[in-house]
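Undergrad: Below is the file my_file.pdb, with PDB, C-alpha atoms.
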ATOM      1  CA  MET R  11     158.802 192.958  94.647  1.00  0.00           C
ATOM      2  CA  ALA R  12     156.108 195.388  95.783  1.00  0.00           C
ATOM      3  CA  GLY R  13     158.627 198.212  95.445  1.00  0.00           C
ATOM      4  CA  ASN R  14     159.082 197.408  91.746  1.00  0.00           C
ATOM      5  CA  ALA R  15     155.353 197.521  91.065  1.00  0.00           C
ATOM      6  CA  THR R  16     155.017 201.048  92.365  1.00  0.00           C
ATOM      7  CA  SER R  17     158.210 202.292  90.686  1.00  0.00           C
ATOM      8  CA  ASP R  18     157.051 201.200  87.216  1.00  0.00           C
ATOM      9  CA  PRO R  19     155.721 204.400  85.591  1.00  0.00           C
ATOM     10  CA  LYS R  20     153.382 202.563  83.220  1.00  0.00           C
ATOM     11  CA  GLU R  21     151.833 200.555  86.026  1.00  0.00           C
ATOM     12  CA  ALA R  22     151.441 203.731  88.075  1.00  0.00           C
ATOM     13  CA  ALA R  23     149.718 205.440  85.129  1.00  0.00           C
ATOM     14  CA  LEU R  24     147.412 202.462  84.560  1.00  0.00           C
ATOM     15  CA  ARG R  25     146.548 202.368  88.241  1.00  0.00           C
ATOM     16  CA  ALA R  26     145.846 206.122  88.288  1.00  0.00           C
ATOM     17  CA  THR R  27     143.412 205.816  85.379  1.00  0.00           C
ATOM     18  CA  ARG R  28     141.792 202.654  86.809  1.00  0.00           C
ATOM     19  CA  THR R  29     142.891 200.724  83.691  1.00  0.00           C
ATOM     20  CA  LEU R  30     145.286 198.309  85.398  1.00  0.00           C
ATOM     21  CA  ASN R  31     144.203 194.756  84.624  1.00  0.00           C
ATOM     22  CA  PRO R  32     143.753 193.028  88.003  1.00  0.00           C
ATOM     23  CA  ARG R  33     144.609 189.644  86.452  1.00  0.00           C
ATOM     24  CA  PRO R  34     147.303 190.115  83.778  1.00  0.00           C
ATOM     25  CA  GLU R  35     148.511 186.552  84.338  1.00  0.00           C
ATOM     26  CA  ALA R  36     145.148 185.295  83.000  1.00  0.00           C
ATOM     27  CA  VAL R  37     145.945 186.691  79.530  1.00  0.00           C
ATOM     28  CA  VAL R  38     147.356 183.709  77.613  1.00  0.00           C
ATOM     29  CA  ASP R  39     146.350 184.542  74.030  1.00  0.00           C
ATOM     30  CA  ALA R  40     149.398 183.535  71.964  1.00  0.00           C
ATOM     31  CA  VAL R  41     149.116 186.408  69.473  1.00  0.00           C
ATOM     32  CA  PHE R  42     148.720 188.979  72.239  1.00  0.00           C
ATOM     33  CA  THR R  43     151.534 187.690  74.438  1.00  0.00           C
ATOM     34  CA  ALA R  44     153.941 187.288  71.496  1.00  0.00           C
ATOM     35  CA  SER R  45     153.787 190.984  70.625  1.00  0.00           C
ATOM     36  CA  PRO R  46     156.162 193.340  72.455  1.00  0.00           C
ATOM     37  CA  PHE R  47     153.576 196.091  71.902  1.00  0.00           C
ATOM     38  CA  CYS R  48     150.840 194.277  73.826  1.00  0.00           C
ATOM     39  CA  ASP R  49     150.737 194.637  77.589  1.00  0.00           C
ATOM     40  CA  PRO R  50     148.498 192.293  79.594  1.00  0.00           C
ATOM     41  CA  ARG R  51     148.450 194.879  82.397  1.00  0.00           C
ATOM     42  CA  ASP R  52     146.603 197.376  80.157  1.00  0.00           C
ATOM     43  CA  LEU R  53     142.911 196.584  80.664  1.00  0.00           C
ATOM     44  CA  VAL R  54     141.730 198.720  77.745  1.00  0.00           C
ATOM     45  CA  GLN R  55     144.202 197.133  75.345  1.00  0.00           C
ATOM     46  CA  VAL R  56     143.339 193.616  76.524  1.00  0.00           C
ATOM     47  CA  LYS R  57     139.590 194.154  76.124  1.00  0.00           C
ATOM     48  CA  TYR R  58     140.047 195.815  72.730  1.00  0.00           C
ATOM     49  CA  GLU R  59     142.216 192.957  71.482  1.00  0.00           C
ATOM     50  CA  MET R  60     139.772 190.370  72.825  1.00  0.00           C
ATOM     51  CA  VAL R  61     136.937 191.935  70.819  1.00  0.00           C
ATOM     52  CA  ARG R  62     139.188 192.375  67.770  1.00  0.00           C
ATOM     53  CA  ARG R  63     140.225 188.733  67.872  1.00  0.00           C
ATOM     54  CA  VAL R  64     136.563 187.674  67.725  1.00  0.00           C
ATOM     55  CA  ARG R  65     135.464 190.177  65.110  1.00  0.00           C
ATOM     56  CA  VAL R  66     138.492 190.357  62.815  1.00  0.00           C
ATOM     57  CA  ASP R  67     140.365 187.097  63.376  1.00  0.00           C
ATOM     58  CA  LYS R  68     137.086 185.153  63.700  1.00  0.00           C
ATOM     59  CA  VAL R  69     138.137 183.431  66.938  1.00  0.00           C
ATOM     60  CA  PRO R  70     135.078 182.006  68.755  1.00  0.00           C
ATOM     61  CA  ALA R  71     133.995 184.221  71.661  1.00  0.00           C
ATOM     62  CA  ALA R  72     134.227 181.303  74.116  1.00  0.00           C
ATOM     63  CA  ARG R  73     137.899 180.791  73.212  1.00  0.00           C
ATOM     64  CA  ALA R  74     138.702 184.507  73.259  1.00  0.00           C
ATOM     65  CA  VAL R  75     137.277 185.081  76.727  1.00  0.00           C
ATOM     66  CA  ARG R  76     139.191 182.068  78.030  1.00  0.00           C
ATOM     67  CA  GLU R  77     142.473 183.256  76.487  1.00  0.00           C
ATOM     68  CA  PHE R  78     142.039 186.875  77.633  1.00  0.00           C
ATOM     69  CA  GLY R  79     140.911 185.944  81.136  1.00  0.00           C
ATOM     70  CA  PHE R  80     137.379 187.323  81.109  1.00  0.00           C
ATOM     71  CA  SER R  81     133.814 186.073  81.237  1.00  0.00           C
ATOM     72  CA  ARG R  82     131.496 186.095  78.243  1.00  0.00           C
ATOM     73  CA  GLN R  83     129.550 188.951  79.848  1.00  0.00           C
ATOM     74  CA  VAL R  84     132.706 191.076  79.974  1.00  0.00           C
ATOM     75  CA  TYR R  85     133.267 190.339  76.284  1.00  0.00           C
ATOM     76  CA  TYR R  86     129.729 191.375  75.324  1.00  0.00           C
ATOM     77  CA  ASP R  87     129.926 194.500  77.494  1.00  0.00           C
ATOM     78  CA  ALA R  88     133.263 195.452  75.896  1.00  0.00           C
ATOM     79  CA  ALA R  89     131.908 194.832  72.381  1.00  0.00           C
ATOM     80  CA  ALA R  90     128.861 196.996  73.111  1.00  0.00           C
ATOM     81  CA  ALA R  91     131.057 199.744  74.591  1.00  0.00           C
ATOM     82  CA  LEU R  92     133.272 199.727  71.484  1.00  0.00           C
ATOM     83  CA  ASP R  93     130.220 199.939  69.231  1.00  0.00           C
ATOM     84  CA  ALA R  94     128.783 202.810  71.252  1.00  0.00           C
ATOM     85  CA  GLY R  95     131.871 204.926  71.849  1.00  0.00           C
ATOM     86  CA  GLY R  96     135.007 203.430  70.338  1.00  0.00           C
ATOM     87  CA  PRO R  97     138.107 202.466  72.344  1.00  0.00           C
ATOM     88  CA  ALA R  98     137.656 205.374  74.757  1.00  0.00           C
ATOM     89  CA  ALA R  99     134.437 203.724  75.962  1.00  0.00           C
ATOM     90  CA  LEU R 100     136.528 200.867  77.369  1.00  0.00           C
ATOM     91  CA  VAL R 101     138.070 203.183  79.962  1.00  0.00           C
ATOM     92  CA  PRO R 102     136.223 202.612  83.236  1.00  0.00           C
ATOM     93  CA  GLY R 103     134.092 205.521  84.374  1.00  0.00           C
ATOM     94  CA  LYS R 104     134.597 207.375  87.592  1.00  0.00           C
ATOM     95  CA  PRO R 105     133.354 205.294  90.530  1.00  0.00           C
ATOM     96  CA  GLY R 106     130.616 206.521  92.802  1.00  0.00           C
ATOM     97  CA  PRO R 107     127.290 208.225  92.249  1.00  0.00           C
ATOM     98  CA  LYS R 108     126.768 209.700  88.791  1.00  0.00           C
ATOM     99  CA  GLY R 109     124.298 212.362  89.795  1.00  0.00           C
ATOM    100  CA  PRO R 110     122.381 213.822  92.683  1.00  0.00           C
ATOM    101  CA  ARG R 111     120.696 211.243  94.867  1.00  0.00           C
ATOM    102  CA  LYS R 112     118.796 213.570  97.146  1.00  0.00           C
ATOM    103  CA  LEU R 113     118.879 216.997  95.533  1.00  0.00           C
ATOM    104  CA  THR R 114     117.172 215.929  92.327  1.00  0.00           C
ATOM    105  CA  ASP R 115     115.688 218.422  89.863  1.00  0.00           C
ATOM    106  CA  ALA R 116     112.284 218.156  91.556  1.00  0.00           C
ATOM    107  CA  VAL R 117     113.745 218.894  95.004  1.00  0.00           C
ATOM    108  CA  MET R 118     115.833 221.778  93.647  1.00  0.00           C
ATOM    109  CA  GLU R 119     112.764 223.277  91.942  1.00  0.00           C
ATOM    110  CA  TYR R 120     110.952 223.084  95.266  1.00  0.00           C
ATOM    111  CA  ILE R 121     113.874 224.822  97.002  1.00  0.00           C
ATOM    112  CA  GLU R 122     114.043 227.547  94.369  1.00  0.00           C
ATOM    113  CA  THR R 123     110.269 228.079  94.535  1.00  0.00           C
ATOM    114  CA  ARG R 124     110.536 228.489  98.303  1.00  0.00           C
ATOM    115  CA  LEU R 125     113.398 230.974  97.861  1.00  0.00           C
ATOM    116  CA  VAL R 126     111.437 233.049  95.339  1.00  0.00           C
ATOM    117  CA  ALA R 127     108.456 233.174  97.681  1.00  0.00           C
ATOM    118  CA  GLU R 128     110.631 233.957 100.704  1.00  0.00           C
ATOM    119  CA  PRO R 129     114.155 235.192  99.791  1.00  0.00           C
ATOM    120  CA  SER R 130     115.195 235.529 103.460  1.00  0.00           C
ATOM    121  CA  LEU R 131     115.179 231.738 103.978  1.00  0.00           C
ATOM    122  CA  ARG R 132     118.528 230.355 105.101  1.00  0.00           C
ATOM    123  CA  SER R 133     119.932 227.039 103.942  1.00  0.00           C
ATOM    124  CA  ARG R 134     119.050 225.500 107.351  1.00  0.00           C
ATOM    125  CA  ASP R 135     115.405 226.574 106.832  1.00  0.00           C
ATOM    126  CA  LEU R 136     115.448 225.059 103.347  1.00  0.00           C
ATOM    127  CA  ALA R 137     116.939 221.796 104.669  1.00  0.00           C
ATOM    128  CA  ASP R 138     114.166 221.629 107.254  1.00  0.00           C
ATOM    129  CA  ALA R 139     111.532 222.304 104.565  1.00  0.00           C
ATOM    130  CA  VAL R 140     112.970 219.526 102.358  1.00  0.00           C
ATOM    131  CA  ALA R 141     112.870 217.152 105.344  1.00  0.00           C
ATOM    132  CA  VAL R 142     109.186 217.925 105.922  1.00  0.00           C
ATOM    133  CA  GLU R 143     108.144 217.900 102.233  1.00  0.00           C
ATOM    134  CA  TYR R 144     110.264 214.975 100.939  1.00  0.00           C
ATOM    135  CA  GLY R 145     111.407 213.137 104.061  1.00  0.00           C
ATOM    136  CA  LEU R 146     115.049 213.707 103.083  1.00  0.00           C
ATOM    137  CA  SER R 147     117.841 214.665 105.436  1.00  0.00           C
ATOM    138  CA  VAL R 148     119.984 217.144 103.508  1.00  0.00           C
ATOM    139  CA  HIS R 149     122.876 219.155 104.891  1.00  0.00           C
ATOM    140  CA  PRO R 150     122.419 222.939 104.510  1.00  0.00           C
ATOM    141  CA  ARG R 151     125.846 223.213 102.846  1.00  0.00           C
ATOM    142  CA  SER R 152     124.756 220.674 100.208  1.00  0.00           C
ATOM    143  CA  ILE R 153     121.823 222.940  99.368  1.00  0.00           C
ATOM    144  CA  GLU R 154     124.140 225.956  99.090  1.00  0.00           C
ATOM    145  CA  ARG R 155     126.480 224.078  96.732  1.00  0.00           C
ATOM    146  CA  ALA R 156     123.580 222.787  94.608  1.00  0.00           C
ATOM    147  CA  LEU R 157     122.116 226.286  94.290  1.00  0.00           C
ATOM    148  CA  ALA R 158     125.538 227.642  93.285  1.00  0.00           C
ATOM    149  CA  ARG R 159     125.942 224.910  90.635  1.00  0.00           C
ATOM    150  CA  ARG R 160     122.509 225.672  89.207  1.00  0.00           C
ATOM    151  CA  GLU R 161     123.311 229.392  89.103  1.00  0.00           C
ATOM    152  CA  ILE R 162     126.591 228.735  87.287  1.00  0.00           C
ATOM    153  CA  SER R 163     124.755 226.456  84.875  1.00  0.00           C
ATOM    154  CA  ARG R 164     122.173 229.163  84.150  1.00  0.00           C
ATOM    155  CA  THR R 165     124.798 231.844  83.514  1.00  0.00           C
ATOM    156  CA  GLN R 166     126.621 229.554  81.096  1.00  0.00           C
ATOM    157  CA  GLU R 167     123.419 228.755  79.214  1.00  0.00           C
ATOM    158  CA  SER R 168     122.058 232.290  78.930  1.00  0.00           C
ATOM    159  CA  PRO R 169     124.568 233.599  76.330  1.00  0.00           C
ATOM    160  CA  LYS R 170     123.731 230.601  74.133  1.00  0.00           C
ATOM    161  CA  SER R 171     119.995 231.228  74.349  1.00  0.00           C
ATOM    162  CA  ARG R 172     120.432 234.862  73.277  1.00  0.00           C
ATOM    163  CA  SER R 173     122.120 233.873  69.992  1.00  0.00           C
TER     164      SER R 173
END
Step by step, read the file and then write its structure as structure tokens.

TA:
Amino acid sequence: MAGNATSDPKEAALRATRTLNPRPEAVVDAVFTASPFCDPRDLVQVKYEMVRRVRVDKVPAARAVREFGFSRQVYYDAAAALDAGGPAALVPGKPGPKGPRKLTDAVMEYIETRLVAEPSLRSRDLADAVAVEYGLSVHPRSIERALARREISRTQESPKSRS
């Protein structure tokens, strides 16, 4: 049985995009399950249809969440996501940190100020300075990558600012 799950191209695509419903068997909405178009494995489609059933078909939210296998909070989150960004907002975001945790703008400004004052500083020296100033342990290579990203960002912005 496990071999079939991985050989199904749609399931593989849903898994790759993190949109595979972990509980497709919980979807028991009669309208949804009766349609050959609807797929209870497709998390985005299930959430969209759950919200649509409440808003368009006027099904009570408590019944919709029960029949689509979600909690009320999931329903309200999905409804808010649809309002904010349409169906694409139902696609789960990339997991993990969404921005720098250590090398924040303030830390990077400090690093760049140190580099302007003393251009011969190496990334190890800068990591040591950040440890003393901010109490953060940062790998020298992380500083090099962050400086490179900021430089790329500046070069992409400068043609726009000249216009």

Undergrad: Please evaluate the PyMOL selection byres ((chain R and resi 100) around 7) against the displayed coordinates and give the resulting residues as an mmCIF file with C-alpha atoms, keeping the file's coordinate frame.

TA:
data_model
loop_
_atom_site.group_PDB
_atom_site.id
_atom_site.type_symbol
_atom_site.label_atom_id
_atom_site.label_comp_id
_atom_site.auth_asym_id
_atom_site.auth_seq_id
_atom_site.Cartn_x
_atom_site.Cartn_y
_atom_site.Cartn_z
ATOM 1 C CA VAL R 54 141.730 198.720 77.745
ATOM 2 C CA ALA R 88 133.263 195.452 75.896
ATOM 3 C CA ALA R 91 131.057 199.744 74.591
ATOM 4 C CA LEU R 92 133.272 199.727 71.484
ATOM 5 C CA PRO R 97 138.107 202.466 72.344
ATOM 6 C CA ALA R 98 137.656 205.374 74.757
ATOM 7 C CA ALA R 99 134.437 203.724 75.962
ATOM 8 C CA VAL R 101 138.070 203.183 79.962
ATOM 9 C CA PRO R 102 136.223 202.612 83.236
#

Undergrad: Using atom CA of R:Ala23 and atom CA of R:Ala40 as the two end points, give the distance in Å to one decimal.

TA: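 Computing the Euclidean distance for atom CA of R:Ala23 and atom CA of R:Ala40 yields 25.6 Å.
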
Undergrad: Tell me, as an mmCIF file with C-alpha atoms, in the frame of the given file, which residues lie within 6 Å of R:Leu53, counting only C-alpha atoms; anything in the same chain fewer than 6 positions away does not count.

TA:
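Just written: result.cif:
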data_model
loop_
_atom_site.group_PDB
_atom_site.id
_atom_site.type_symbol
_atom_site.label_atom_id
_atom_site.label_comp_id
_atom_site.auth_asym_id
_atom_site.auth_seq_id
_atom_site.Cartn_x
_atom_site.Cartn_y
_atom_site.Cartn_z
ATOM 1 C CA THR R 29 142.891 200.724 83.691
ATOM 2 C CA LEU R 30 145.286 198.309 85.398
ATOM 3 C CA ASN R 31 144.203 194.756 84.624
#

Undergrad: Could you work out how far atom CA of R:Ser17 lies from atom CA of R:Glu77, giving the answer in Å with one decimal?

TA: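 Separation of atom CA of R:Glu77 and atom CA of R:Ser17: 28.5 Å.
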
Undergrad: Give as a list in words the residues that the PyMOL selection byres ((chain R and resi 64) around 12) matches when applied to the coordinates above.

TA: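 With the PyMOL selection byres ((chain R and resi 64) around 12) on this model, the match is Lys57, Tyr58, Glu59, Met60, Val61, Arg62, Arg63, Arg65, Val66, Asp67, Lys68, Val69, Pro70, Ala71, Ala72, Arg73, Ala74, Val75, Glu77, Phe78, Arg82, Tyr85, Tyr86, Ala88 and Ala89 of chain R.
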
Undergrad: Can you write out the residues you just picked, keeping C-alpha atoms, as a PDB file, keeping the file's coordinate frame?

TA:
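New file selection-v1.pdb:
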ATOM      1  CA  LYS R  57     139.590 194.154  76.124  1.00  0.00           C
ATOM      2  CA  TYR R  58     140.047 195.815  72.730  1.00  0.00           C
ATOM      3  CA  GLU R  59     142.216 192.957  71.482  1.00  0.00           C
ATOM      4  CA  MET R  60     139.772 190.370  72.825  1.00  0.00           C
ATOM      5  CA  VAL R  61     136.937 191.935  70.819  1.00  0.00           C
ATOM      6  CA  ARG R  62     139.188 192.375  67.770  1.00  0.00           C
ATOM      7  CA  ARG R  63     140.225 188.733  67.872  1.00  0.00           C
ATOM      8  CA  ARG R  65     135.464 190.177  65.110  1.00  0.00           C
ATOM      9  CA  VAL R  66     138.492 190.357  62.815  1.00  0.00           C
ATOM     10  CA  ASP R  67     140.365 187.097  63.376  1.00  0.00           C
ATOM     11  CA  LYS R  68     137.086 185.153  63.700  1.00  0.00           C
ATOM     12  CA  VAL R  69     138.137 183.431  66.938  1.00  0.00           C
ATOM     13  CA  PRO R  70     135.078 182.006  68.755  1.00  0.00           C
ATOM     14  CA  ALA R  71     133.995 184.221  71.661  1.00  0.00           C
ATOM     15  CA  ALA R  72     134.227 181.303  74.116  1.00  0.00           C
ATOM     16  CA  ARG R  73     137.899 180.791  73.212  1.00  0.00           C
ATOM     17  CA  ALA R  74     138.702 184.507  73.259  1.00  0.00           C
ATOM     18  CA  VAL R  75     137.277 185.081  76.727  1.00  0.00           C
ATOM     19  CA  GLU R  77     142.473 183.256  76.487  1.00  0.00           C
ATOM     20  CA  PHE R  78     142.039 186.875  77.633  1.00  0.00           C
ATOM     21  CA  ARG R  82     131.496 186.095  78.243  1.00  0.00           C
ATOM     22  CA  TYR R  85     133.267 190.339  76.284  1.00  0.00           C
ATOM     23  CA  TYR R  86     129.729 191.375  75.324  1.00  0.00           C
ATOM     24  CA  ALA R  88     133.263 195.452  75.896  1.00  0.00           C
ATOM     25  CA  ALA R  89     131.908 194.832  72.381  1.00  0.00           C
TER      26      ALA R  89
END

Undergrad: Smallest atom-to-atom distance to R:Ala141: which of R:Arg164, R:Arg159, R:Lys112, R:Lys104, using all atoms listed in the file?

TA: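 Checking each of R:Arg164, R:Arg159, R:Lys112, R:Lys104 against R:Ala141, counting all atoms listed in the file, the winner is R:Lys112.
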
Undergrad: So, counting all atoms listed in the file, which residue among R:Val56, R:Val142, R:Ala156, R:Ala137 is closest to R:Glu35?

TA: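 Nearest to R:Glu35: R:Val56.
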
Undergrad: Tell me, in Å to one decimal, how far atom CA of R:Cys48 is from atom CA of R:Ala94.

TA: 23.8 Å

Undergrad: Using all atoms listed in the file, pick whichever of R:Thr114, R:Ser45, R:Gln83, R:Thr27 has the shortest atom-to-atom distance to R:Leu146.

TA: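 So, comparing all the options, the nearest one is R:Thr114.
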
Undergrad: Could you check the closest approach to R:Leu125 for each of R:Gly106, R:Tyr144, R:Leu157, R:Ala22 and tell me which residue wins, using only C-alpha atoms?

TA: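 Smallest separation from R:Leu125 among the options: R:Leu157.
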
Undergrad: Of the candidates R:Arg51, R:Arg25, R:Arg76, R:Arg155, which shows the shortest atom-to-atom distance to R:Asp39, using all atoms listed in the file?

TA: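 Ranking R:Arg51, R:Arg25, R:Arg76, R:Arg155 by distance to R:Asp39, first place goes to R:Arg76.
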
Undergrad: Using all atoms listed in the file for the distances, tell me which of R:Phe47, R:Leu24, R:Val140, R:Arg134 is nearest to R:Ala116.

TA: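 Checking each candidate against R:Ala116, we get R:Val140 as the closest.
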
Undergrad: Report as a PyMOL selection string the full result of the PyMOL selection byres ((chain R and resi 136) around 10) when it is applied to this structure.

TA: chain R and resi 120-122+124-125+131-135+137-142+148-150+153-154
